[in-house]
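Text of structure-v4.csv, listed as CSV, C-alpha atoms:
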```csv
chain,number,residue,atom,x,y,z
P,1,MET,CA,0.0,0.0,0.0
P,2,LYS,CA,0.9,3.7,-0.5
P,3,LEU,CA,0.8,6.4,2.2
P,4,TYR,CA,0.6,9.9,0.9
P,5,ASP,CA,2.0,11.9,3.8
P,6,TYR,CA,3.9,14.9,5.1
P,7,LEU,CA,6.5,13.8,7.6
P,8,PRO,CA,6.1,16.6,10.2
P,9,SER,CA,2.3,15.9,10.3
P,10,GLY,CA,1.1,14.4,13.6
P,11,ASN,CA,-1.9,13.1,11.7
P,12,GLY,CA,0.3,11.2,9.3
P,13,TYR,CA,2.6,10.1,12.2
P,14,LYS,CA,-0.3,8.3,13.9
P,15,VAL,CA,-0.7,6.1,10.8
P,16,ARG,CA,3.1,5.6,10.5
P,17,LEU,CA,3.2,4.5,14.1
P,18,LEU,CA,0.5,1.8,13.7
P,19,LEU,CA,2.1,0.6,10.4
P,20,SER,CA,5.3,0.2,12.4
P,21,TYR,CA,3.5,-1.7,15.3
P,22,LEU,CA,2.0,-4.0,12.8
P,23,SER,CA,5.2,-4.5,10.7
P,24,ILE,CA,3.3,-3.5,7.5
P,25,ASP,CA,5.4,-2.5,4.5
P,26,TYR,CA,4.3,0.5,2.6
P,27,ASP,CA,5.6,3.1,0.1
P,28,LEU,CA,5.6,6.7,1.5
P,29,VAL,CA,4.7,9.3,-1.2
P,30,PRO,CA,5.8,12.7,0.2
P,31,ILE,CA,3.2,15.5,-0.2
P,32,ASN,CA,4.5,18.9,1.0
P,33,ILE,CA,1.4,20.5,2.3
P,34,ILE,CA,3.3,23.8,3.0
P,35,LYS,CA,4.1,24.0,-0.7
P,36,GLY,CA,0.4,23.3,-1.6
P,37,GLU,CA,0.9,19.8,-2.9
P,38,SER,CA,-2.3,18.6,-1.2
P,39,GLN,CA,-4.3,21.2,-3.1
P,40,THR,CA,-3.3,20.2,-6.7
P,41,GLU,CA,-6.0,18.8,-9.1
P,42,ALA,CA,-4.1,15.5,-9.2
P,43,PHE,CA,-4.1,15.0,-5.5
P,44,LYS,CA,-7.7,16.2,-5.1
P,45,ALA,CA,-8.7,13.5,-7.6
P,46,LYS,CA,-7.5,11.1,-5.0
P,47,ASN,CA,-8.9,13.0,-2.0
P,48,PRO,CA,-11.5,15.7,-2.7
P,49,ALA,CA,-10.9,17.0,0.8
P,50,GLY,CA,-7.3,17.8,-0.1
P,51,GLN,CA,-5.8,16.4,3.1
P,52,ILE,CA,-3.0,14.0,4.1
P,53,PRO,CA,-2.6,11.3,5.2
P,54,LEU,CA,-4.2,9.3,2.4
P,55,LEU,CA,-3.9,5.5,2.2
P,56,GLU,CA,-4.1,3.9,-1.2
P,57,LEU,CA,-4.6,0.1,-1.3
P,58,ALA,CA,-3.0,-2.1,-4.0
P,59,ASP,CA,-6.4,-2.2,-5.8
P,60,GLY,CA,-6.5,1.6,-6.0
P,61,ARG,CA,-9.2,2.2,-3.3
P,62,THR,CA,-8.3,5.1,-1.0
P,63,LEU,CA,-9.0,6.1,2.6
P,64,SER,CA,-8.6,9.5,4.1
P,65,GLN,CA,-8.9,10.8,7.7
P,66,SER,CA,-6.1,9.6,9.9
P,67,ASP,CA,-8.4,8.1,12.5
P,68,ALA,CA,-10.4,6.2,9.9
P,69,ILE,CA,-7.2,4.8,8.5
P,70,LEU,CA,-6.2,3.7,12.1
P,71,TYR,CA,-9.4,1.8,12.4
P,72,PHE,CA,-8.9,0.1,9.0
P,73,LEU,CA,-5.5,-1.1,10.0
P,74,ALA,CA,-6.3,-1.9,13.7
P,75,GLU,CA,-9.5,-3.9,13.2
P,76,GLY,CA,-8.7,-7.5,14.2
P,77,THR,CA,-5.5,-6.6,16.1
P,78,PRO,CA,-5.1,-5.8,19.9
P,79,TYR,CA,-5.2,-2.1,19.1
P,80,TRP,CA,-8.9,-2.3,18.5
P,81,PRO,CA,-10.5,-3.6,21.7
P,82,ALA,CA,-12.9,-6.6,21.8
P,83,SER,CA,-16.1,-5.3,23.3
P,84,VAL,CA,-18.5,-2.9,21.5
P,85,PHE,CA,-18.5,-0.6,24.5
P,86,ASP,CA,-14.7,-0.4,24.6
P,87,GLN,CA,-14.7,0.1,20.9
P,88,ALA,CA,-17.1,3.0,21.2
P,89,GLN,CA,-15.0,4.5,24.0
P,90,THR,CA,-12.0,4.2,21.7
P,91,LEU,CA,-13.9,6.2,19.1
P,92,GLN,CA,-15.1,8.6,21.7
P,93,TRP,CA,-11.5,9.6,22.4
P,94,MET,CA,-10.6,9.7,18.7
P,95,PHE,CA,-13.5,12.1,18.0
P,96,PHE,CA,-12.5,14.2,21.0
P,97,GLU,CA,-9.0,14.3,19.5
P,98,GLN,CA,-10.2,15.4,16.1
P,99,TYR,CA,-12.8,17.9,17.4
P,100,THR,CA,-11.1,19.5,20.3
P,101,HIS,CA,-7.4,18.4,20.6
P,102,GLU,CA,-6.1,18.6,17.1
P,103,PRO,CA,-7.8,21.9,16.1
P,104,SER,CA,-6.2,23.6,19.1
P,105,ILE,CA,-2.8,22.0,19.7
P,106,ALA,CA,-1.9,21.1,16.2
P,107,VAL,CA,-3.1,24.4,14.8
P,108,ALA,CA,-1.2,26.4,17.4
P,109,ARG,CA,2.0,24.4,16.4
P,110,TYR,CA,1.3,25.1,12.8
P,111,ILE,CA,0.9,28.8,13.3
P,112,ARG,CA,4.1,29.1,15.4
P,113,HIS,CA,6.0,27.4,12.7
P,114,TYR,CA,4.5,28.8,9.5
P,115,ALA,CA,2.0,31.5,10.0
P,116,MET,CA,3.1,34.0,12.7
P,117,ALA,CA,2.9,36.9,10.2
P,118,THR,CA,-0.8,36.3,9.4
P,119,ARG,CA,-2.4,34.2,12.1
P,120,LYS,CA,-0.7,35.2,15.4
P,121,ALA,CA,-4.0,36.7,16.7
P,122,GLU,CA,-5.6,33.2,16.8
P,123,LEU,CA,-3.1,31.9,19.4
P,124,PRO,CA,-4.6,33.0,22.7
P,125,ALA,CA,-7.9,31.3,22.0
P,126,LEU,CA,-6.2,28.2,20.7
P,127,MET,CA,-4.0,28.0,23.8
P,128,THR,CA,-7.0,28.2,26.1
P,129,LYS,CA,-8.8,25.5,24.1
P,130,GLY,CA,-5.7,23.3,24.0
P,131,TYR,CA,-5.1,23.5,27.8
P,132,ARG,CA,-8.8,22.5,28.3
P,133,ALA,CA,-8.2,19.4,26.1
P,134,LEU,CA,-5.1,18.6,28.1
P,135,ASP,CA,-7.2,19.0,31.3
P,136,VAL,CA,-9.7,16.4,30.0
P,137,MET,CA,-6.8,14.0,29.2
P,138,GLU,CA,-5.2,14.5,32.7
P,139,THR,CA,-8.5,13.7,34.4
P,140,GLN,CA,-8.8,10.5,32.4
P,141,LEU,CA,-5.2,9.5,32.9
P,142,ASN,CA,-5.3,10.1,36.7
P,143,ASN,CA,-7.4,7.0,36.9
P,144,ASN,CA,-6.4,5.0,33.9
P,145,HIS,CA,-3.1,3.9,32.2
P,146,TRP,CA,-4.7,4.1,28.7
P,147,PHE,CA,-7.7,5.9,27.2
P,148,ALA,CA,-10.0,3.0,26.4
P,149,GLY,CA,-10.4,-0.8,26.8
P,150,GLY,CA,-7.7,-1.2,29.5
P,151,GLY,CA,-4.8,-1.4,27.1
P,152,ARG,CA,-2.9,0.5,24.4
P,153,SER,CA,-5.4,1.2,21.6
P,154,ILE,CA,-5.7,3.4,18.5
P,155,ALA,CA,-7.2,6.1,20.9
P,156,ASP,CA,-3.7,6.4,22.5
P,157,ILE,CA,-2.0,6.5,19.1
P,158,ALA,CA,-4.5,9.2,17.9
P,159,LEU,CA,-3.9,11.4,21.0
P,160,TYR,CA,-0.1,10.8,21.1
P,161,GLY,CA,0.3,12.2,17.6
P,162,TYR,CA,0.1,15.8,18.6
P,163,THR,CA,0.4,15.6,22.4
P,164,HIS,CA,4.0,14.6,22.1
P,165,VAL,CA,4.7,17.8,20.1
P,166,ALA,CA,2.5,20.0,22.2
P,167,GLU,CA,5.5,21.9,23.6
P,168,ASP,CA,6.5,22.6,20.0
P,169,GLY,CA,3.1,24.4,19.8
P,170,GLY,CA,3.9,26.5,22.9
P,171,PHE,CA,2.1,24.3,25.6
P,172,ASP,CA,3.8,23.8,28.9
P,173,LEU,CA,3.2,20.2,30.1
P,174,SER,CA,4.8,20.5,33.5
P,175,ASN,CA,1.4,20.7,35.2
P,176,TYR,CA,0.3,17.5,33.5
P,177,PRO,CA,2.0,14.7,35.3
P,178,ALA,CA,-0.4,12.0,34.3
P,179,VAL,CA,-0.2,13.0,30.6
P,180,SER,CA,3.6,13.0,30.9
P,181,ALA,CA,3.7,9.6,32.5
P,182,TRP,CA,1.3,8.3,29.8
P,183,MET,CA,3.7,9.6,27.1
P,184,ASP,CA,6.6,7.7,28.7
P,185,ARG,CA,4.5,4.5,28.8
P,186,PHE,CA,3.5,5.1,25.2
P,187,LYS,CA,7.1,5.4,24.0
P,188,ASP,CA,8.0,2.1,25.7
P,189,HIS,CA,7.0,-0.1,22.8
P,190,PRO,CA,9.5,-2.2,20.7
P,191,LYS,CA,8.2,-0.8,17.4
P,192,HIS,CA,8.0,2.9,18.5
P,193,VAL,CA,9.2,5.3,15.8
P,194,LEU,CA,9.8,9.1,15.8
P,195,ILE,CA,7.6,11.6,14.0
P,196,THR,CA,10.1,12.2,11.3
P,197,ASP,CA,11.2,8.6,10.8
P,198,THR,CA,10.5,7.1,7.4
X,199,MET,CA,-30.9,4.2,28.8
X,200,LYS,CA,-30.7,7.9,29.4
X,201,LEU,CA,-29.8,10.5,26.8
X,202,TYR,CA,-28.6,13.9,28.1
X,203,ASP,CA,-29.3,16.2,25.2
X,204,TYR,CA,-30.4,19.6,24.0
X,205,LEU,CA,-33.2,19.4,21.4
X,206,PRO,CA,-31.9,22.1,18.9
X,207,SER,CA,-28.5,20.3,18.8
X,208,GLY,CA,-27.8,18.6,15.5
X,209,ASN,CA,-25.3,16.4,17.3
X,210,GLY,CA,-28.0,15.2,19.7
X,211,TYR,CA,-30.4,14.8,16.8
X,212,LYS,CA,-28.2,12.3,15.1
X,213,VAL,CA,-28.4,10.0,18.2
X,214,ARG,CA,-32.2,10.6,18.4
X,215,LEU,CA,-32.6,9.7,14.8
X,216,LEU,CA,-30.8,6.3,15.2
X,217,LEU,CA,-32.6,5.5,18.4
X,218,SER,CA,-35.9,6.0,16.5
X,219,TYR,CA,-34.7,3.9,13.5
X,220,LEU,CA,-33.8,1.1,16.0
X,221,SER,CA,-37.0,1.6,18.1
X,222,ILE,CA,-34.9,1.9,21.3
X,223,ASP,CA,-36.7,3.3,24.3
X,224,TYR,CA,-34.8,6.0,26.3
X,225,ASP,CA,-35.3,8.8,28.8
X,226,LEU,CA,-34.4,12.2,27.5
X,227,VAL,CA,-32.7,14.4,30.2
X,228,PRO,CA,-32.8,18.0,28.9
X,229,ILE,CA,-29.6,19.9,29.3
X,230,ASN,CA,-29.9,23.6,28.2
X,231,ILE,CA,-26.4,24.3,26.9
X,232,ILE,CA,-27.3,28.0,26.3
X,233,LYS,CA,-28.0,28.3,30.0
X,234,GLY,CA,-24.6,26.6,30.9
X,235,GLU,CA,-26.2,23.4,32.1
X,236,SER,CA,-23.4,21.3,30.4
X,237,GLN,CA,-20.7,23.2,32.3
X,238,THR,CA,-22.0,22.5,35.9
X,239,GLU,CA,-19.8,20.3,38.2
X,240,ALA,CA,-22.6,17.7,38.3
X,241,PHE,CA,-22.7,17.3,34.5
X,242,LYS,CA,-18.9,17.5,34.2
X,243,ALA,CA,-18.7,14.6,36.7
X,244,LYS,CA,-20.5,12.6,34.0
X,245,ASN,CA,-18.6,14.1,31.0
X,246,PRO,CA,-15.4,15.9,31.8
X,247,ALA,CA,-15.5,17.5,28.3
X,248,GLY,CA,-18.8,19.2,29.2
X,249,GLN,CA,-20.6,18.3,26.0
X,250,ILE,CA,-24.0,16.8,25.0
X,251,PRO,CA,-25.2,14.4,23.8
X,252,LEU,CA,-24.2,12.0,26.5
X,253,LEU,CA,-25.5,8.4,26.7
X,254,GLU,CA,-25.9,6.8,30.1
X,255,LEU,CA,-26.4,3.0,30.1
X,256,ALA,CA,-28.6,1.2,32.7
X,257,ASP,CA,-25.4,0.1,34.6
X,258,GLY,CA,-24.2,3.8,34.8
X,259,ARG,CA,-21.5,3.6,32.2
X,260,THR,CA,-21.4,6.7,29.9
X,261,LEU,CA,-20.5,7.5,26.3
X,262,SER,CA,-19.9,10.9,24.8
X,263,GLN,CA,-19.2,12.2,21.3
X,264,SER,CA,-22.3,11.9,19.1
X,265,ASP,CA,-20.5,9.8,16.4
X,266,ALA,CA,-19.1,7.3,19.0
X,267,ILE,CA,-22.6,6.9,20.4
X,268,LEU,CA,-23.9,6.2,16.8
X,269,TYR,CA,-21.3,3.5,16.4
X,270,PHE,CA,-22.2,1.9,19.8
X,271,LEU,CA,-25.9,1.8,18.8
X,272,ALA,CA,-25.4,0.8,15.1
X,273,GLU,CA,-22.8,-2.0,15.5
X,274,GLY,CA,-24.6,-5.2,14.5
X,275,THR,CA,-27.4,-3.4,12.6
X,276,PRO,CA,-27.5,-2.5,8.8
X,277,TYR,CA,-26.4,1.1,9.6
X,278,TRP,CA,-22.9,-0.2,10.2
X,279,PRO,CA,-21.7,-1.9,7.0
X,280,ALA,CA,-20.3,-5.4,6.9
X,281,SER,CA,-16.8,-5.0,5.4
X,282,VAL,CA,-13.9,-3.5,7.2
X,283,PHE,CA,-13.2,-1.2,4.3
X,284,ASP,CA,-16.8,0.1,4.1
X,285,GLN,CA,-16.7,0.5,7.9
X,286,ALA,CA,-13.5,2.6,7.6
X,287,GLN,CA,-15.1,4.7,4.9
X,288,THR,CA,-18.1,5.2,7.1
X,289,LEU,CA,-15.7,6.5,9.8
X,290,GLN,CA,-13.9,8.6,7.2
X,291,TRP,CA,-17.1,10.6,6.5
X,292,MET,CA,-17.9,10.8,10.2
X,293,PHE,CA,-14.4,12.3,11.0
X,294,PHE,CA,-14.8,14.6,8.0
X,295,GLU,CA,-18.1,15.7,9.6
X,296,GLN,CA,-16.7,16.4,13.0
X,297,TYR,CA,-13.4,18.0,11.8
X,298,THR,CA,-14.7,20.1,8.8
X,299,HIS,CA,-18.5,20.1,8.5
X,300,GLU,CA,-19.7,20.6,12.1
X,301,PRO,CA,-17.1,23.2,13.1
X,302,SER,CA,-18.2,25.4,10.2
X,303,ILE,CA,-21.9,24.8,9.5
X,304,ALA,CA,-23.0,24.1,13.0
X,305,VAL,CA,-20.9,27.0,14.5
X,306,ALA,CA,-22.2,29.5,11.9
X,307,ARG,CA,-25.8,28.4,12.8
X,308,TYR,CA,-25.0,28.8,16.5
X,309,ILE,CA,-23.5,32.3,16.0
X,310,ARG,CA,-26.5,33.5,14.0
X,311,HIS,CA,-28.9,32.3,16.7
X,312,TYR,CA,-27.0,33.2,19.9
X,313,ALA,CA,-23.8,35.2,19.4
X,314,MET,CA,-24.2,37.9,16.8
X,315,ALA,CA,-23.2,40.5,19.3
X,316,THR,CA,-19.8,39.0,20.1
X,317,ARG,CA,-18.8,36.5,17.3
X,318,LYS,CA,-20.2,38.0,14.0
X,319,ALA,CA,-16.6,38.5,12.7
X,320,GLU,CA,-16.1,34.8,12.6
X,321,LEU,CA,-18.9,34.2,10.0
X,322,PRO,CA,-17.1,34.9,6.7
X,323,ALA,CA,-14.3,32.3,7.4
X,324,LEU,CA,-16.9,29.8,8.6
X,325,MET,CA,-19.1,30.3,5.5
X,326,THR,CA,-16.1,29.7,3.2
X,327,LYS,CA,-15.1,26.6,5.1
X,328,GLY,CA,-18.7,25.4,5.2
X,329,TYR,CA,-19.2,25.8,1.5
X,330,ARG,CA,-16.0,23.8,1.0
X,331,ALA,CA,-17.4,21.0,3.1
X,332,LEU,CA,-20.6,21.1,1.0
X,333,ASP,CA,-18.6,20.9,-2.2
X,334,VAL,CA,-16.9,17.7,-0.9
X,335,MET,CA,-20.3,16.2,-0.1
X,336,GLU,CA,-21.7,17.2,-3.6
X,337,THR,CA,-18.7,15.5,-5.3
X,338,GLN,CA,-19.3,12.3,-3.4
X,339,LEU,CA,-23.1,12.4,-4.0
X,340,ASN,CA,-22.8,13.1,-7.7
X,341,ASN,CA,-21.7,9.5,-8.0
X,342,ASN,CA,-23.2,7.8,-5.0
X,343,HIS,CA,-26.6,7.6,-3.3
X,344,TRP,CA,-25.1,7.3,0.1
X,345,PHE,CA,-21.8,8.1,1.7
X,346,ALA,CA,-20.3,4.7,2.4
X,347,GLY,CA,-21.0,1.0,2.0
X,348,GLY,CA,-23.7,1.4,-0.7
X,349,GLY,CA,-26.6,2.0,1.7
X,350,ARG,CA,-27.8,4.3,4.4
X,351,SER,CA,-25.3,4.2,7.3
X,352,ILE,CA,-24.4,6.2,10.3
X,353,ALA,CA,-22.2,8.3,8.0
X,354,ASP,CA,-25.4,9.6,6.4
X,355,ILE,CA,-27.0,10.2,9.8
X,356,ALA,CA,-23.9,12.1,11.0
X,357,LEU,CA,-23.8,14.4,8.0
X,358,TYR,CA,-27.6,14.9,7.9
X,359,GLY,CA,-27.6,16.3,11.4
X,360,TYR,CA,-26.4,19.7,10.5
X,361,THR,CA,-26.7,19.7,6.7
X,362,HIS,CA,-30.5,19.7,7.0
X,363,VAL,CA,-30.3,22.9,9.1
X,364,ALA,CA,-27.5,24.5,7.0
X,365,GLU,CA,-29.9,27.1,5.6
X,366,ASP,CA,-30.6,28.1,9.2
X,367,GLY,CA,-26.9,28.8,9.4
X,368,GLY,CA,-27.0,31.1,6.4
X,369,PHE,CA,-26.0,28.5,3.7
X,370,ASP,CA,-27.7,28.6,0.4
X,371,LEU,CA,-28.1,25.0,-0.9
X,372,SER,CA,-29.6,25.9,-4.3
X,373,ASN,CA,-26.3,25.1,-6.0
X,374,TYR,CA,-26.1,21.7,-4.3
X,375,PRO,CA,-28.6,19.5,-6.2
X,376,ALA,CA,-26.9,16.2,-5.2
X,377,VAL,CA,-26.9,17.2,-1.6
X,378,SER,CA,-30.6,18.3,-1.8
X,379,ALA,CA,-31.6,15.0,-3.5
X,380,TRP,CA,-29.7,13.0,-0.8
X,381,MET,CA,-31.6,14.9,1.9
X,382,ASP,CA,-34.9,14.0,0.2
X,383,ARG,CA,-33.8,10.3,0.1
X,384,PHE,CA,-32.7,10.5,3.7
X,385,LYS,CA,-36.1,11.8,5.0
X,386,ASP,CA,-37.9,8.9,3.2
X,387,HIS,CA,-37.6,6.5,6.1
X,388,PRO,CA,-40.6,5.1,8.1
X,389,LYS,CA,-38.9,6.0,11.4
X,390,HIS,CA,-37.7,9.5,10.4
X,391,VAL,CA,-38.1,12.2,13.2
X,392,LEU,CA,-37.6,15.9,13.2
X,393,ILE,CA,-34.8,17.7,15.1
X,394,THR,CA,-37.1,19.0,17.8
X,395,ASP,CA,-39.1,15.8,18.2
X,396,THR,CA,-38.9,14.1,21.6
```
What does the file become when written as structure tokens?
Amino acid sequence: MKLYDYLPSGNGYKVRLLLSYLSIDYDLVPINIIKGESQTEAFKAKNPAGQIPLLELADGRTLSQSDAILYFLAEGTPYWPASVFDQAQTLQWMFFEQYTHEPSIAVARYIRHYAMATRKAELPALMTKGYRALDVMETQLNNNHWFAGGGRSIADIALYGYTHVAEDGGFDLSNYPAVSAWMDRFKDHPKHVLITDT
Amino acid sequence: MKLYDYLPSGNGYKVRLLLSYLSIDYDLVPINIIKGESQTEAFKAKNPAGQIPLLELADGRTLSQSDAILYFLAEGTPYWPASVFDQAQTLQWMFFEQYTHEPSIAVARYIRHYAMATRKAELPALMTKGYRALDVMETQLNNNHWFAGGGRSIADIALYGYTHVAEDGGFDLSNYPAVSAWMDRFKDHPKHVLITDT
């Protein structure tokens, strides 16, 4: 399979992490989103939403949305829990990640790296929203080692993607001991890779 | 089961639609989000994210995030397709809905109803983003009757929730014939309910 991806993307990283866990071979097709390569007609023919990561199967079928790709790869493995309630809780945290966590923490990181000249005014509201997302994670992790189903799941992979680069987005994690301990646990996996690994 | 919900919410409506399709009895616990009832300590003890809808099972376990609740209720029914690829495409559209569609179309509707004094300046960017989401839907529906798996699924329910009140948010759907035809098909279900039905 092919993964259309941009290495600094936390959304792409989630998929690369799971592909590593599962020892799945794939071809990485680099798409530089900063240079507009996800907005070309050729790329939009593959994904009308113009977003990476995009997974292309050997038969040409495609899947977009990082967390939907995680589900596709994880189903039938230990990273997708067994009971329907635990599965729904896994998705609950993944929707929290895409609705609340990514749009604040990832966007703050993006602005600090690429858009300070034009979008700096958005940062204060993003920081408030991002800390609120971290508060919700801290509450959960005060009582649980993992987000759902009692073990490492795709909910953890989804939330690790941008939490582990939150400081890069200007967030101070020193008041989040449970989140920090979870990140240490998360990294302790024989197939762990770094965000810029290929 | 109990559903903590606010009747004008499209996110809550999605869950009420599926509960109707499946003829599941439930108690509706009204939470007026405009009056801050989702931000009380009592409610946040049930859902630290302070959001409705929230499903509470008979044994006290809770689930939040409308689309995760849809999965929990739909698994094992025709509204969750059979193949893993079709399931992943269903989730792809649900993540698109929560990441791109809801944060533009639902938020524009919210501002027009409740926050014109303080948030009117956000509307132009939200309208642009919302029309882009509708463009992506139109492209999909030009070639497909439903979003995933060849039949009505929870992806359609998720996207119908706020698309059918998009005009209420200031969006003109007259240039979206495929979206309009899909909404007509969607309403043609013996257990269809309206957003404010209880």
Exercise for the section: Please provide the set of residues having any atom within 9 Å of Gln237 of chain X, restricted to all atoms listed in the file, with same-chain residues fewer than 3 positions apart removed, written as a ChimeraX atom specification. Expected result: /X:231,234,240-242,247-249
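If you measure from each of X:Ile309, X:Leu201, X:Val391, X:Leu261 to chain P using all atoms listed in the file, the closest one turns out to be X:Leu261.
All residues of protein, DNA or RNA that reach within 12 Å of His387 of chain X, judged by all atoms listed in the file and not counting those fewer than 6 positions away in the chain, are Leu215, Leu216, Ser218, Tyr219, Leu220, Arg350, Ile355 and Met381 of chain X.
The list of residues with at least one atom within 8 Å of Leu255 of chain X, based on only C-alpha atoms and without residues fewer than 5 positions apart in the same chain, reads Met199, Lys200 and Thr260 of chain X.
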Proximity check chain P to chain X, 8 Å, nearest pairs one decimal Å, only C-alpha atoms, as JSON lines:
```
{"residue": "P:Pro48", "atom": "CA", "partner": "X:Val334", "partner_atom": "CA", "distance": 6.0}
{"residue": "P:Ala49", "atom": "CA", "partner": "X:Val334", "partner_atom": "CA", "distance": 6.3}
{"residue": "P:Leu63", "atom": "CA", "partner": "X:Gln287", "partner_atom": "CA", "distance": 6.7}
{"residue": "P:Ser64", "atom": "CA", "partner": "X:Gln290", "partner_atom": "CA", "distance": 6.2}
{"residue": "P:Gln65", "atom": "CA", "partner": "X:Gln290", "partner_atom": "CA", "distance": 5.5}
{"residue": "P:Asp67", "atom": "CA", "partner": "X:Phe293", "partner_atom": "CA", "distance": 7.5}
{"residue": "P:Ala68", "atom": "CA", "partner": "X:Gln290", "partner_atom": "CA", "distance": 5.0}
{"residue": "P:Ile69", "atom": "CA", "partner": "X:Ala286", "partner_atom": "CA", "distance": 6.7}
{"residue": "P:Tyr71", "atom": "CA", "partner": "X:Ala286", "partner_atom": "CA", "distance": 6.4}
{"residue": "P:Phe72", "atom": "CA", "partner": "X:Ala286", "partner_atom": "CA", "distance": 5.4}
{"residue": "P:Glu75", "atom": "CA", "partner": "X:Val282", "partner_atom": "CA", "distance": 7.5}
{"residue": "P:Val84", "atom": "CA", "partner": "X:Phe270", "partner_atom": "CA", "distance": 6.3}
{"residue": "P:Phe85", "atom": "CA", "partner": "X:Phe270", "partner_atom": "CA", "distance": 6.5}
{"residue": "P:Gln87", "atom": "CA", "partner": "X:Phe270", "partner_atom": "CA", "distance": 7.8}
{"residue": "P:Ala88", "atom": "CA", "partner": "X:Ala266", "partner_atom": "CA", "distance": 5.2}
{"residue": "P:Gln89", "atom": "CA", "partner": "X:Leu261", "partner_atom": "CA", "distance": 6.7}
{"residue": "P:Leu91", "atom": "CA", "partner": "X:Ala266", "partner_atom": "CA", "distance": 5.3}
{"residue": "P:Gln92", "atom": "CA", "partner": "X:Ala266", "partner_atom": "CA", "distance": 5.0}
{"residue": "P:Phe95", "atom": "CA", "partner": "X:Gln263", "partner_atom": "CA", "distance": 6.6}
{"residue": "P:Phe96", "atom": "CA", "partner": "X:Gln263", "partner_atom": "CA", "distance": 7.0}
{"residue": "P:Gln98", "atom": "CA", "partner": "X:Tyr297", "partner_atom": "CA", "distance": 6.0}
{"residue": "P:Tyr99", "atom": "CA", "partner": "X:Tyr297", "partner_atom": "CA", "distance": 5.6}
{"residue": "P:Ala133", "atom": "CA", "partner": "X:Ala247", "partner_atom": "CA", "distance": 7.9}
{"residue": "P:Val136", "atom": "CA", "partner": "X:Pro246", "partner_atom": "CA", "distance": 6.0}
{"residue": "P:Thr139", "atom": "CA", "partner": "X:Pro246", "partner_atom": "CA", "distance": 7.7}
```
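The residue that comes closest to His164 of chain P, out of P:Gly10, P:Pro78, P:Gly130, P:Pro177 and on the basis of all atoms listed in the file, is P:Gly10.
Taking all atoms listed in the file into account, Lys318 of chain X lies nearest to X:Val305 out of the set X:Ile250, X:Val305, X:Leu357, X:Val227.
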Handout entry: Neighbour list for Arg307 of chain X as a PyMOL selection string, cut-off 12 Å, only C-alpha atoms, skip fewer than 6 positions in-chain
Key = chain X and resi 206-208+299-301+313-314+317-318+320-321+324-325+328+360-369
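Reported to one decimal place, the separation of atom CA of Ser281 of chain X from atom CA of Ser351 of chain X is 12.7 Å.
Our summary of the geometry notes that atom CA of Ala158 of chain P is positioned 17.4 Å from atom CA of Tyr131 of chain P.
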Start from the incomplete input, build N, CA and C atoms for segment 6-17 of chain P, and deliver everything as an mmCIF file, in the coordinates of the input.
```
data_model
loop_
_atom_site.group_PDB
_atom_site.id
_atom_site.type_symbol
_atom_site.label_atom_id
_atom_site.label_comp_id
_atom_site.auth_asym_id
_atom_site.auth_seq_id
_atom_site.Cartn_x
_atom_site.Cartn_y
_atom_site.Cartn_z
ATOM 1 N N TYR P 6 2.967 13.797 4.853
ATOM 2 C CA TYR P 6 3.900 14.900 5.100
ATOM 3 C C TYR P 6 4.589 14.591 6.419
ATOM 4 N N LEU P 7 5.888 14.349 6.429
ATOM 5 C CA LEU P 7 6.500 13.800 7.600
ATOM 6 C C LEU P 7 6.293 14.611 8.925
ATOM 7 N N PRO P 8 6.291 15.957 8.903
ATOM 8 C CA PRO P 8 6.100 16.600 10.200
ATOM 9 C C PRO P 8 4.615 16.571 10.693
ATOM 10 N N SER P 9 3.699 15.999 9.909
ATOM 11 C CA SER P 9 2.300 15.900 10.300
ATOM 12 C C SER P 9 2.064 14.905 11.412
ATOM 13 N N GLY P 10 1.472 15.341 12.513
ATOM 14 C CA GLY P 10 1.100 14.400 13.600
ATOM 15 C C GLY P 10 -0.003 13.474 13.122
ATOM 16 N N ASN P 11 -0.895 13.938 12.235
ATOM 17 C CA ASN P 11 -1.900 13.100 11.700
ATOM 18 C C ASN P 11 -1.337 11.923 10.891
ATOM 19 N N GLY P 12 -0.345 12.254 10.076
ATOM 20 C CA GLY P 12 0.300 11.200 9.300
ATOM 21 C C GLY P 12 1.118 10.281 10.238
ATOM 22 N N TYR P 13 1.742 10.874 11.243
ATOM 23 C CA TYR P 13 2.600 10.100 12.200
ATOM 24 C C TYR P 13 1.767 9.002 12.873
ATOM 25 N N LYS P 14 0.510 9.301 13.216
ATOM 26 C CA LYS P 14 -0.300 8.300 13.900
ATOM 27 C C LYS P 14 -0.368 7.015 12.987
ATOM 28 N N VAL P 15 -0.581 7.217 11.697
ATOM 29 C CA VAL P 15 -0.700 6.100 10.800
ATOM 30 C C VAL P 15 0.661 5.374 10.658
ATOM 31 N N ARG P 16 1.750 6.166 10.573
ATOM 32 C CA ARG P 16 3.100 5.600 10.500
ATOM 33 C C ARG P 16 3.424 4.756 11.738
ATOM 34 N N LEU P 17 2.978 5.250 12.902
ATOM 35 C CA LEU P 17 3.200 4.500 14.100
ATOM 36 C C LEU P 17 2.518 3.127 14.077
#
```
